[in-house]
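Source file: model.tsv. Holds: TSV, C-alpha atoms and all ligand atoms.
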```
chain	number	residue	atom	x	y	z
A	618	MET	CA	85.51	124.38	109.32
A	619	GLY	CA	87.07	121.08	108.27
A	620	ILE	CA	86.27	119.36	105.00
A	621	VAL	CA	84.64	116.47	106.83
A	622	LYS	CA	82.35	118.77	108.80
A	623	ALA	CA	81.48	120.78	105.69
A	624	TRP	CA	80.73	117.58	103.84
A	625	MET	CA	78.46	116.33	106.60
A	626	MET	CA	76.60	119.63	106.54
A	627	GLU	CA	76.22	119.52	102.76
A	628	MET	CA	74.79	116.02	103.09
A	629	GLN	CA	72.51	116.99	105.91
A	630	GLU	CA	71.19	119.97	103.96
A	631	ARG	CA	69.93	117.55	101.37
A	632	GLY	CA	67.71	116.27	104.09
A	633	TYR	CA	66.38	113.15	105.69
A	634	SER	CA	63.44	112.51	107.96
A	635	GLU	CA	63.35	112.20	111.71
A	636	SER	CA	63.20	108.79	113.34
A	637	ASP	CA	62.83	107.20	116.77
A	638	ASP	CA	64.36	103.92	115.64
A	639	TYR	CA	67.69	102.43	116.66
A	640	VAL	CA	70.06	100.24	114.65
A	641	CYS	CA	72.58	97.68	115.97
A	642	ALA	CA	76.00	96.70	114.63
A	643	ALA	CA	74.75	93.24	113.61
A	644	CYS	CA	72.55	94.93	111.00
A	645	VAL	CA	75.55	96.17	109.00
A	646	THR	CA	78.38	94.38	107.21
A	647	ASP	CA	80.67	97.40	106.80
A	648	PRO	CA	83.30	97.32	109.62
A	649	PHE	CA	83.49	101.11	109.86
A	650	LEU	CA	79.71	101.45	110.28
A	651	ALA	CA	79.68	98.65	112.86
A	652	GLU	CA	82.34	100.51	114.83
A	653	TRP	CA	80.42	103.78	114.51
A	654	ILE	CA	77.25	102.12	115.87
A	655	ALA	CA	79.17	100.61	118.80
A	656	GLY	CA	80.59	104.04	119.60
A	657	HIS	CA	77.17	105.72	119.48
A	658	ALA	CA	75.02	103.02	121.07
A	659	GLU	CA	72.26	104.37	123.34
A	660	ALA	CA	69.45	101.81	123.21
A	661	ASN	CA	69.34	98.20	124.43
A	662	ALA	CA	67.28	96.89	121.52
A	663	CYS	CA	67.53	97.14	117.73
A	664	SER	CA	64.49	98.25	115.74
A	665	PHE	CA	65.42	96.12	112.71
A	666	CYS	CA	66.49	92.75	114.15
A	667	GLU	CA	65.87	90.68	117.27
A	668	ALA	CA	68.99	91.91	119.06
A	669	VAL	CA	68.39	92.84	122.73
A	670	SER	CA	70.92	93.35	125.51
A	671	ASP	CA	71.19	94.77	129.02
A	672	GLN	CA	73.89	97.06	127.58
A	673	PRO	CA	73.40	99.77	124.93
A	674	ILE	CA	73.86	98.09	121.52
A	675	ALA	CA	71.91	100.28	119.10
A	676	ALA	CA	72.60	103.81	117.83
A	677	PRO	CA	69.98	106.42	116.82
A	678	PHE	CA	68.82	105.58	113.29
A	679	GLU	CA	68.50	109.26	112.39
A	680	ASP	CA	72.20	109.96	113.09
A	681	PHE	CA	73.10	106.70	111.36
A	682	THR	CA	71.24	107.90	108.25
A	683	GLY	CA	73.43	111.02	108.19
A	684	VAL	CA	76.59	108.89	108.30
A	685	VAL	CA	75.26	106.64	105.51
A	686	LEU	CA	74.47	109.69	103.36
A	687	GLY	CA	77.98	111.05	103.88
A	688	GLY	CA	79.37	107.78	102.51
A	689	LEU	CA	76.95	107.47	99.61
A	690	GLY	CA	78.05	110.94	98.52
A	691	PHE	CA	81.52	109.64	97.74
A	692	ASP	CA	80.39	107.78	94.62
A	693	TRP	CA	76.97	109.37	94.03
A	694	ASN	CA	75.54	112.85	93.81
A	695	GLU	CA	72.31	114.68	93.31
A	696	PRO	CA	71.92	115.31	89.52
A	697	THR	CA	71.75	119.13	89.53
A	698	GLN	CA	74.93	119.29	91.60
A	699	GLU	CA	76.72	117.37	88.84
A	700	GLY	CA	75.43	119.83	86.26
A	701	ILE	CA	72.95	117.35	84.79
A	702	THR	CA	70.08	119.16	83.09
A	703	TYR	CA	66.40	118.28	83.09
A	704	ILE	CA	64.73	118.69	79.68
A	705	THR	CA	61.10	117.62	79.61
A	706	ARG	CA	60.85	117.22	75.82
A	707	GLU	CA	64.08	115.16	75.83
A	708	GLY	CA	62.63	112.74	78.36
A	709	GLY	CA	63.76	114.36	81.62
A	710	TRP	CA	67.20	114.07	83.19
A	711	GLN	CA	70.00	113.99	80.56
A	712	ALA	CA	71.94	111.22	82.29
A	713	SER	CA	71.43	107.69	83.50
A	714	LEU	CA	70.05	108.01	87.03
A	715	SER	CA	69.64	105.61	89.91
A	716	THR	CA	67.06	105.39	92.67
A	717	THR	CA	67.95	105.69	96.35
A	718	ALA	CA	67.29	101.95	96.74
A	719	ASP	CA	69.76	101.20	93.89
A	720	VAL	CA	72.39	103.39	95.49
A	721	LEU	CA	71.87	101.82	98.94
A	722	TYR	CA	72.22	98.30	97.57
A	723	ASP	CA	75.21	99.33	95.42
A	724	ALA	CA	77.05	100.53	98.54
A	725	GLY	CA	76.75	96.99	99.94
A	726	PHE	CA	76.93	97.76	103.65
A	727	SER	CA	73.99	95.73	104.99
A	728	GLU	CA	72.07	92.54	104.32
A	729	ASN	CA	69.06	93.62	106.36
A	730	ASP	CA	66.41	94.46	103.75
A	731	ASP	CA	64.05	96.01	106.35
A	732	MET	CA	66.78	98.43	107.42
A	733	ILE	CA	67.62	99.33	103.80
A	734	ALA	CA	63.92	99.95	103.12
A	735	ALA	CA	63.75	102.19	106.20
A	736	LEU	CA	66.77	104.18	104.95
A	737	ASP	CA	65.12	104.51	101.55
A	738	ASP	CA	62.08	106.02	103.32
A	739	MET	CA	64.25	108.34	105.39
A	740	ILE	CA	66.37	109.77	102.59
A	741	ASP	CA	64.86	112.70	100.75
A	742	CYS	CA	66.54	112.41	97.34
A	743	GLU	CA	64.60	111.35	94.26
A	744	ALA	CA	67.45	110.39	91.97
A	745	TRP	CA	71.21	109.96	91.99
A	746	VAL	CA	73.95	110.17	89.40
A	747	GLU	CA	77.47	108.77	89.61
A	748	ARG	CA	79.89	111.30	90.97
A	749	GLU	CA	82.89	112.15	88.84
A	750	PHE	CA	84.64	114.16	91.48
A	751	TYR	CA	83.89	116.36	94.40
A	752	ARG	CA	85.38	119.74	94.84
A	753	GLY	CA	88.32	119.95	97.18
A	754	THR	CA	92.04	119.37	97.17
A	755	ASP	CA	93.89	117.61	94.34
A	756	SER	CA	93.82	114.32	96.18
A	757	GLN	CA	90.08	114.50	96.49
A	758	ARG	CA	89.74	115.35	92.81
A	759	LEU	CA	91.41	112.09	91.80
A	760	SER	CA	88.46	110.86	89.84
A	761	TRP	CA	90.24	108.80	87.19
A	762	GLY	CA	89.58	105.14	87.60
A	763	TRP	CA	92.03	102.55	86.42
A	764	ASP	CA	89.71	101.75	83.51
A	765	SER	CA	89.79	105.27	82.11
A	766	PHE	CA	93.56	105.43	82.62
A	767	LYS	CA	93.88	102.21	80.61
A	768	THR	CA	91.63	103.42	77.81
A	769	PHE	CA	93.50	106.70	77.54
A	770	THR	CA	97.00	105.19	77.43
A	771	LYS	CA	96.07	102.27	75.16
A	772	ASN	CA	93.93	104.02	72.59
A	773	HIS	CA	94.44	107.76	72.88
A	774	THR	CA	98.07	108.68	73.36
A	775	ARG	CA	101.09	106.51	74.03
A	776	TYR	CA	104.28	108.53	74.35
A	777	PHE	CA	103.20	112.05	75.22
A	778	PHE	CA	100.49	111.27	77.72
A	779	LEU	CA	102.41	113.13	80.42
A	780	GLN	CA	101.86	116.31	78.42
A	781	ALA	CA	98.19	115.59	77.67
A	782	PRO	CA	96.31	118.76	78.53
A	783	GLY	CA	93.39	118.71	80.93
A	784	ASP	CA	89.92	118.83	79.46
A	785	GLY	CA	89.18	122.14	81.11
A	786	TYR	CA	87.05	120.51	83.76
A	787	ASP	CA	88.18	119.37	87.16
A	788	GLU	CA	89.22	115.92	86.01
A	789	LEU	CA	92.90	115.08	86.39
A	790	THR	CA	95.15	114.19	83.44
A	791	PRO	CA	97.03	110.83	83.47
A	792	ALA	CA	100.19	112.67	84.61
A	793	GLU	CA	98.29	114.26	87.47
A	794	VAL	CA	96.76	110.90	88.41
A	795	LEU	CA	100.23	109.36	88.74
A	796	ALA	CA	101.58	112.39	90.60
A	797	THR	CA	98.61	112.29	92.98
A	798	VAL	CA	98.91	108.56	93.65
A	799	SER	CA	102.65	109.04	94.27
A	800	ASP	CA	101.99	111.93	96.59
A	801	MET	CA	99.51	109.77	98.54
A	802	ILE	CA	102.16	107.05	98.90
A	803	ARG	CA	104.60	109.61	100.29
A	804	THR	CA	102.16	111.36	102.63
A	805	LYS	CA	98.85	109.89	103.77
A	806	LEU	CA	99.94	106.30	103.07
A	807	ALA	CA	103.44	106.86	104.53
A	808	ASP	CA	102.77	104.67	107.58
A	809	GLU	CA	101.09	101.84	105.66
A	810	GLY	CA	104.34	100.06	104.67
A	811	LEU	CA	104.12	100.54	100.89
A	812	ILE	CA	107.82	101.46	100.65
A	813	LYS	CA	109.81	98.49	101.86
A	814	THR	CA	113.55	98.02	102.33
A	815	ILE	CA	114.97	94.62	101.38
A	816	GLY	CA	118.32	93.95	103.07
A	817	ARG	CA	121.56	92.85	101.38
A	818	ASN	CA	121.39	89.23	102.43
A	819	THR	CA	117.94	88.45	101.09
A	820	ASP	CA	117.82	85.56	98.61
A	821	LEU	CA	116.42	86.67	95.26
A	822	ILE	CA	115.58	83.70	93.05
A	823	ARG	CA	115.50	83.92	89.30
A	824	ILE	CA	115.13	81.03	86.85
A	825	ARG	CA	116.45	80.97	83.29
A	826	VAL	CA	114.70	78.53	80.97
A	827	ASP	CA	116.92	77.56	78.03
A	828	ASP	CA	118.04	74.65	75.83
A	829	GLN	CA	121.31	74.45	77.84
A	830	PRO	CA	122.01	74.83	81.57
A	831	GLN	CA	123.52	78.26	82.28
A	832	THR	CA	126.18	79.15	84.83
A	833	THR	CA	126.84	82.89	84.78
A	834	ALA	CA	125.11	85.93	86.30
A	835	SER	CA	124.91	87.46	82.85
A	836	ALA	CA	123.02	84.45	81.46
A	837	ILE	CA	120.69	83.86	84.44
A	838	GLY	CA	120.16	87.48	85.53
A	839	THR	CA	118.38	90.27	83.67
A	840	PRO	CA	118.45	89.59	79.90
A	841	LYS	CA	120.48	91.85	77.65
A	842	PRO	CA	118.26	94.35	75.78
A	843	GLU	CA	118.69	92.48	72.48
A	844	HIS	CA	117.38	89.31	74.16
A	845	ALA	CA	114.41	90.98	75.87
A	846	ARG	CA	111.96	89.95	73.17
A	847	GLN	CA	109.14	89.06	75.51
A	848	SER	CA	106.65	91.86	76.17
A	849	ASN	CA	105.67	91.73	79.83
A	850	ARG	CA	103.09	93.31	82.09
A	851	MET	CA	105.72	95.67	83.46
A	852	SER	CA	108.30	95.89	80.70
A	853	PRO	CA	107.91	96.20	76.91
A	854	ALA	CA	110.17	94.24	74.58
A	855	GLY	CA	113.60	95.88	74.52
A	856	ILE	CA	113.49	97.14	78.12
A	857	PRO	CA	114.61	94.20	80.25
A	858	MET	CA	113.96	93.89	83.97
A	859	PHE	CA	114.87	91.31	86.62
A	860	TYR	CA	111.76	89.23	87.37
A	861	GLY	CA	112.14	86.96	90.38
A	862	ALA	CA	110.71	85.70	93.65
A	863	PHE	CA	111.79	85.24	97.26
A	864	ASP	CA	111.44	81.43	97.15
A	865	LEU	CA	112.05	78.68	94.61
A	866	ASP	CA	108.44	77.44	94.36
A	867	THR	CA	107.13	80.89	93.44
A	868	ALA	CA	109.99	81.57	91.00
A	869	HIS	CA	109.22	78.22	89.36
A	870	ALA	CA	105.47	78.85	89.19
A	871	GLU	CA	106.01	82.33	87.74
A	872	THR	CA	108.58	81.26	85.14
A	873	PHE	CA	107.90	77.71	84.01
A	874	ASP	CA	105.19	77.19	81.43
A	875	PRO	CA	104.63	73.45	80.78
A	876	ALA	CA	103.12	74.16	77.35
A	877	THR	CA	106.25	75.81	75.93
A	878	HIS	CA	109.06	74.84	78.32
A	879	ALA	CA	108.80	71.03	78.44
A	880	GLY	CA	112.23	69.39	78.05
A	881	LYS	CA	114.18	72.61	78.62
A	882	ALA	CA	116.90	73.19	81.22
A	883	LEU	CA	116.01	75.32	84.25
A	884	SER	CA	118.96	77.20	85.74
A	885	VAL	CA	118.00	78.46	89.20
A	886	GLY	CA	120.08	81.44	90.26
A	887	THR	CA	120.16	82.67	93.84
A	888	PHE	CA	121.19	86.32	93.76
A	889	ARG	CA	121.90	88.67	96.67
A	890	SER	CA	121.74	92.42	96.54
A	891	LEU	CA	124.98	94.36	97.06
A	892	ARG	CA	123.07	97.10	98.89
A	893	ASP	CA	119.66	97.65	100.51
A	894	LEU	CA	116.88	97.76	97.93
A	895	THR	CA	113.92	100.16	98.07
A	896	LEU	CA	110.79	98.47	96.75
A	897	LEU	CA	107.18	99.48	96.30
A	898	ASP	CA	105.18	96.73	98.00
A	899	LEU	CA	101.87	96.24	96.20
A	900	ALA	CA	101.41	92.75	97.65
A	901	GLU	CA	100.36	94.01	101.08
A	902	LEU	CA	98.26	97.04	100.15
A	903	PRO	CA	95.97	98.37	102.88
A	904	PRO	CA	92.31	97.68	102.07
A	905	VAL	CA	90.33	100.39	100.30
A	906	PRO	CA	88.72	102.37	103.15
A	907	SER	CA	84.98	102.30	103.75
A	908	VAL	CA	83.24	105.17	101.95
A	909	PHE	CA	81.59	105.90	105.30
A	910	ASP	CA	84.95	106.62	106.93
A	911	LEU	CA	85.15	110.33	106.11
A	912	ASP	CA	88.69	110.71	107.52
A	913	ARG	CA	90.06	108.07	105.13
A	914	GLN	CA	87.79	108.89	102.19
A	915	PRO	CA	90.57	110.90	100.44
A	916	LEU	CA	92.62	107.68	100.17
A	917	ILE	CA	89.90	105.74	98.37
A	918	HIS	CA	90.69	106.73	94.78
A	919	SER	CA	94.45	106.22	95.18
A	920	LEU	CA	93.96	102.83	96.80
A	921	ARG	CA	91.38	101.73	94.24
A	922	PHE	CA	93.91	102.72	91.52
A	923	LEU	CA	96.78	100.87	93.23
A	924	HIS	CA	94.67	97.75	93.91
A	925	ALA	CA	93.57	97.60	90.26
A	926	PHE	CA	97.16	98.16	89.04
A	927	ALA	CA	98.44	95.50	91.47
A	928	ALA	CA	95.82	93.00	90.27
A	929	ASP	CA	96.75	93.62	86.63
A	930	ILE	CA	100.53	93.24	87.05
A	931	SER	CA	100.12	89.96	88.92
A	932	GLN	CA	98.25	88.33	86.03
A	933	PRO	CA	100.13	85.66	84.03
A	934	ILE	CA	101.58	86.89	80.74
A	935	ALA	CA	100.97	85.45	77.28
A	936	ARG	CA	104.23	83.81	76.14
A	937	ASP	CA	103.62	84.21	72.43
A	938	GLY	CA	106.44	86.70	71.78
A	939	ARG	CA	104.02	89.36	70.57
A	940	GLU	CA	103.71	92.95	71.74
A	941	HIS	CA	100.48	93.21	73.76
A	942	ILE	CA	98.54	96.45	73.79
A	943	GLU	CA	96.81	95.46	77.04
A	944	TYR	CA	100.18	95.60	78.85
A	945	VAL	CA	100.77	99.25	77.90
A	946	PRO	CA	99.04	100.89	80.91
A	947	THR	CA	100.88	98.75	83.48
A	948	GLN	CA	104.16	99.31	81.61
A	949	ILE	CA	103.58	103.07	81.77
A	950	VAL	CA	102.81	103.06	85.49
A	951	THR	CA	105.86	100.85	86.13
A	952	GLU	CA	108.08	103.21	84.13
A	953	TYR	CA	106.69	106.13	86.10
A	954	PHE	CA	107.56	104.41	89.39
A	955	ARG	CA	111.01	103.53	88.01
A	956	ARG	CA	111.98	106.86	86.52
A	957	LEU	CA	110.03	109.61	88.28
A	958	PHE	CA	108.86	108.41	91.69
A	959	ARG	CA	110.80	109.45	94.80
A	960	SER	CA	110.06	108.33	98.36
A	961	ALA	CA	109.49	110.88	101.15
A	962	ASP	CA	113.22	110.77	101.95
A	963	GLY	CA	114.20	111.17	98.29
A	964	ARG	CA	115.00	107.57	97.36
A	965	SER	CA	114.19	106.21	93.93
A	966	LEU	CA	112.66	102.74	93.65
A	967	ASP	CA	114.64	99.60	92.81
A	968	GLY	CA	111.54	97.59	91.97
A	969	ILE	CA	108.00	96.49	92.77
A	970	ILE	CA	106.73	93.55	94.86
A	971	TYR	CA	103.45	92.00	93.72
A	972	ARG	CA	101.29	89.00	94.54
A	973	SER	CA	101.96	85.92	92.47
A	974	ALA	CA	98.86	84.86	90.54
A	975	LYS	CA	100.44	81.45	89.94
A	976	HIS	CA	101.47	80.62	93.53
A	977	ALA	CA	98.70	81.62	95.92
A	978	GLY	CA	99.78	83.54	99.00
A	979	ALA	CA	103.33	84.16	97.74
A	980	ASN	CA	104.96	87.28	96.38
A	981	ALA	CA	107.06	87.91	93.30
A	982	PHE	CA	108.99	91.02	92.32
A	983	VAL	CA	110.50	92.95	89.46
A	984	LEU	CA	113.81	94.78	89.91
A	985	PHE	CA	114.90	97.71	87.78
A	986	CYS	CA	118.27	96.16	87.10
A	987	GLU	CA	120.28	95.87	83.87
A	988	ASN	CA	122.18	92.82	82.65
A	989	GLU	CA	125.63	94.26	83.49
A	990	GLN	CA	124.48	95.04	87.04
A	991	CYS	CA	124.20	91.27	87.72
A	992	ILE	CA	127.71	89.98	88.56
A	993	ASP	CA	129.26	86.55	89.11
A	994	VAL	CA	130.17	84.96	92.45
A	995	ASP	CA	133.79	86.09	92.39
A	996	ALA	CA	133.61	89.09	90.04
A	997	PRO	CA	134.87	92.48	91.26
A	998	GLU	CA	132.00	94.89	91.82
A	999	ASP	CA	131.87	98.42	90.52
A	1000	GLU	CA	129.61	101.32	91.46
A	1001	ALA	CA	126.75	100.19	89.25
A	1002	SER	CA	126.76	96.54	90.37
A	1003	LEU	CA	123.49	95.59	92.07
A	1004	LEU	CA	123.07	91.81	92.32
A	1005	ARG	CA	125.70	89.13	92.96
A	1006	LEU	CA	125.03	85.55	91.93
A	1007	ALA	CA	125.46	83.43	95.11
A	1008	SER	CA	124.72	79.95	93.76
A	1009	VAL	CA	123.16	78.07	90.84
A	1010	SER	CA	121.19	74.83	90.85
A	1011	TYR	CA	119.44	72.95	88.06
A	1012	GLN	CA	116.05	71.37	87.50
B	1	ZN	ZN	69.99	94.98	114.44
```
Take the structure in the file and give it back as structure tokens.
Amino acid sequence: MGIVKAWMMEMQERGYSESDDYVCAACVTDPFLAEWIAGHAEANACSFCEAVSDQPIAAPFEDFTGVVLGGLGFDWNEPTQEGITYITREGGWQASLSTTADVLYDAGFSENDDMIAALDDMIDCEAWVEREFYRGTDSQRLSWGWDSFKTFTKNHTRYFFLQAPGDGYDELTPAEVLATVSDMIRTKLADEGLIKTIGRNTDLIRIRVDDQPQTTASAIGTPKPEHARQSNRMSPAGIPMFYGAFDLDTAHAETFDPATHAGKALSVGTFRSLRDLTLLDLAELPPVPSVFDLDRQPLIHSLRFLHAFAADISQPIARDGREHIEYVPTQIVTEYFRRLFRSADGRSLDGIIYRSAKHAGANAFVLFCENEQCIDVDAPEDEASLLRLASVSYQ
């Protein structure tokens, strides 16, 4: 028996009432549920809105309730199944619980209050508790949210977090979280375009802001380690990377800070890669699947993690020259992708593409490239060379 089937049965065992009602797709806002209703439509009228048709438009409400329960179970569980105890003299359940109505509204799949109230009546569960994990494969046990990952790596352990032992429960360690997310990228997300190849002739724009105009690849490309004083969302001070964009406007928006850069010279370098580059594309992440889509449920935690990481790395940085503790988690994940990640065909990553927070709709990138790997227009290349400076302009 498949996991999905077993899950449905577990949900159904919890129980819900019978019903003769029908629900139409217009009564839900979740695209997966709307599709499910369309695929199971039997009745020509909806019991919860005015919708009527000469074609079947509404699915049996009882079956629909089962599908809803299967989705709610992704984030919520019945308290005893989470090991929560009930102690009368301590005030009852030893956890913060939610009602079925709370859980239904939290899931945010419908704006039809009558339909939500009918579901509340149907579902036979007194109280719910947030689910930490559900038993299954490693990917399904990925219960760490981005917030707990951040707390752990900022305030608990910094350099040996990969060796941090598990807590003896089924929760994954930070190392296992990263390994699981990476495994998802290689396997279940393999066809979603997260690993992108950027060809040799692509323009890669990088701007150096300085007192003087600069002319060389060494001066405009990745800073030398001793000059990498600025702590960044992806790189700590002392570990330089090549931050750039695919177009001038985005490179300018990402680099130029009017408050600190007024009156300075902007040297705009157009670099081209000397070989194809393998990049992790976090700018075009697939949406987090609906919790009601049982086939894609195992991707939810990985995609929630990647979306939160992508949102954090795209935020503007504070240009005050200080080391920022809030950058540590994104620096760790970046270093993991740089040093340990391998694609399904064994390639290591050359960098990460992310959405620019300063130029809406455009993408920026970071390349894992050292200063000496950036070479001048006419310089001879060696094995390590990665980017050749094609032209320089000034602003
Ligand atoms: Zn309806």
**Request:** Determine, counting all atoms listed in the file, which protein, DNA and RNA residues have an atom within 6 Å of an atom of Arg748 of chain A; residues of the same chain fewer than 3 positions away are not included. Present the result as an NGL selection string.
**Result:** :A and (692-694)
Please produce a file of the residues just selected, as a short mmCIF file (atom, residue, chain, number, x, y, z; two decimals), in the coordinates of the input, where the atoms kept are C-alpha atoms.
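Final file, part.cif:
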```cif
data_model
loop_
_atom_site.label_atom_id
_atom_site.label_comp_id
_atom_site.auth_asym_id
_atom_site.auth_seq_id
_atom_site.Cartn_x
_atom_site.Cartn_y
_atom_site.Cartn_z
CA ASP A 692 80.39 107.78 94.62
CA TRP A 693 76.97 109.37 94.03
CA ASN A 694 75.54 112.85 93.81
#
```
**Request:** Considering all atoms listed in the file, state which residue in the set A:Tyr971, A:Trp745, A:Phe922, A:Tyr860 is at the smallest distance from Thr797 of chain A.
**Result:** A:Phe922
**Request:** Can you pull out every residue within 8 Å of segment 636-650 of chain A, counting all atoms listed in the file, but drop anything in the same chain fewer than 3 positions away, and send it as a ChimeraX atom specification?
**Result:** /A:653-655,658,660,662-666,668,674-679,681,725-729,732,907,909-910
**Prompt:** Between atom CA of Leu966 of chain A and atom CA of Leu894 of chain A, what is the distance, to one decimal in Å?
**Reply:** 7.8 Å
**Message:** Using Å and a single decimal, report how far atom CA of Val905 of chain A sits from atom CA of Leu920 of chain A.
**Reply:**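 That distance, rounded to one decimal, is 5.6 Å.
In this structure, atom CA of Pro853 of chain A sits 6.8 Å away from atom CA of Gln948 of chain A.
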**Message:** So that I can check the surroundings of segment 811-822 of chain A, please list as a PyMOL selection string every protein, DNA and RNA residue that reaches within 8 Å of it, counting only C-alpha atoms and ignoring chain neighbours fewer than 2 positions away.
**Reply:** chain A and resi 802+806-809+824+861-865+868+885-899+901-902+960
**Request:** Can you work out which one of A:Glu659, A:Ile740, A:Arg850, A:Val826 has the shortest atom-to-atom distance to Ile942 of chain A, counting all atoms listed in the file?
**Result:** A:Arg850
Kindly compute an axis-aligned box around the listed atoms of segment 792-811 of chain A, allowing 3 Å on each side, and express its centre and edge lengths in Å to one decimal as JSON.
```
{"center_x": 100.7, "center_y": 107.2, "center_z": 96.1, "size_x": 13.8, "size_y": 20.2, "size_z": 29.0}
```
**From A:Ala836, A:Met739, A:Val685, A:Val1009, residue lying nearest Ala651 of chain A [only C-alpha atoms]** = A:Val685
**Request:** Go through A:Leu689, A:Ile856, A:Arg972, A:Glu747 one by one, measure the shortest atom-to-atom distance of each to Tyr722 of chain A using only C-alpha atoms, and give the residue with the smallest value.
**Result:**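 Once distances to Tyr722 of chain A are computed over only C-alpha atoms, the minimum belongs to A:Leu689.
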**Item:** Minimum-distance residue to ligand ZN 1 (chain B), chosen among A:Val669, A:Cys742, A:Ile969, A:Ala734 (using only C-alpha atoms and all ligand atoms)
**Value:**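 Distance minimum relative to ligand ZN 1 (chain B) lands on A:Val669.
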**Message:** Report as a VMD selection string all protein, DNA and RNA residues lying within 10 Å of Asp741 of chain A, evaluated on all atoms listed in the file, omitting residues in the same chain fewer than 3 positions from it.
**Reply:** chain A and resid 631 to 634 717 736 to 738 744
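The residue that comes closest to Gln829 of chain A, out of A:Gly880, A:His844, A:Ser919, A:Ala792 and on the basis of all atoms listed in the file, is A:Gly880.
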**Message:** Residues within 10 Å of Ala870 of chain A, please, as an NGL selection string. Count only C-alpha atoms; anything in the same chain fewer than 2 positions from it doesn't count.
**Reply:** :A and (862 or 865-868 or 872-874 or 973-977)
**Message:** Using only C-alpha atoms, list the residues that have an atom at most 6 Å from (69.2, 109.3, 85.7), coordinates as in the file, as an NGL selection string.
**Reply:** :A and (710 or 712-715)
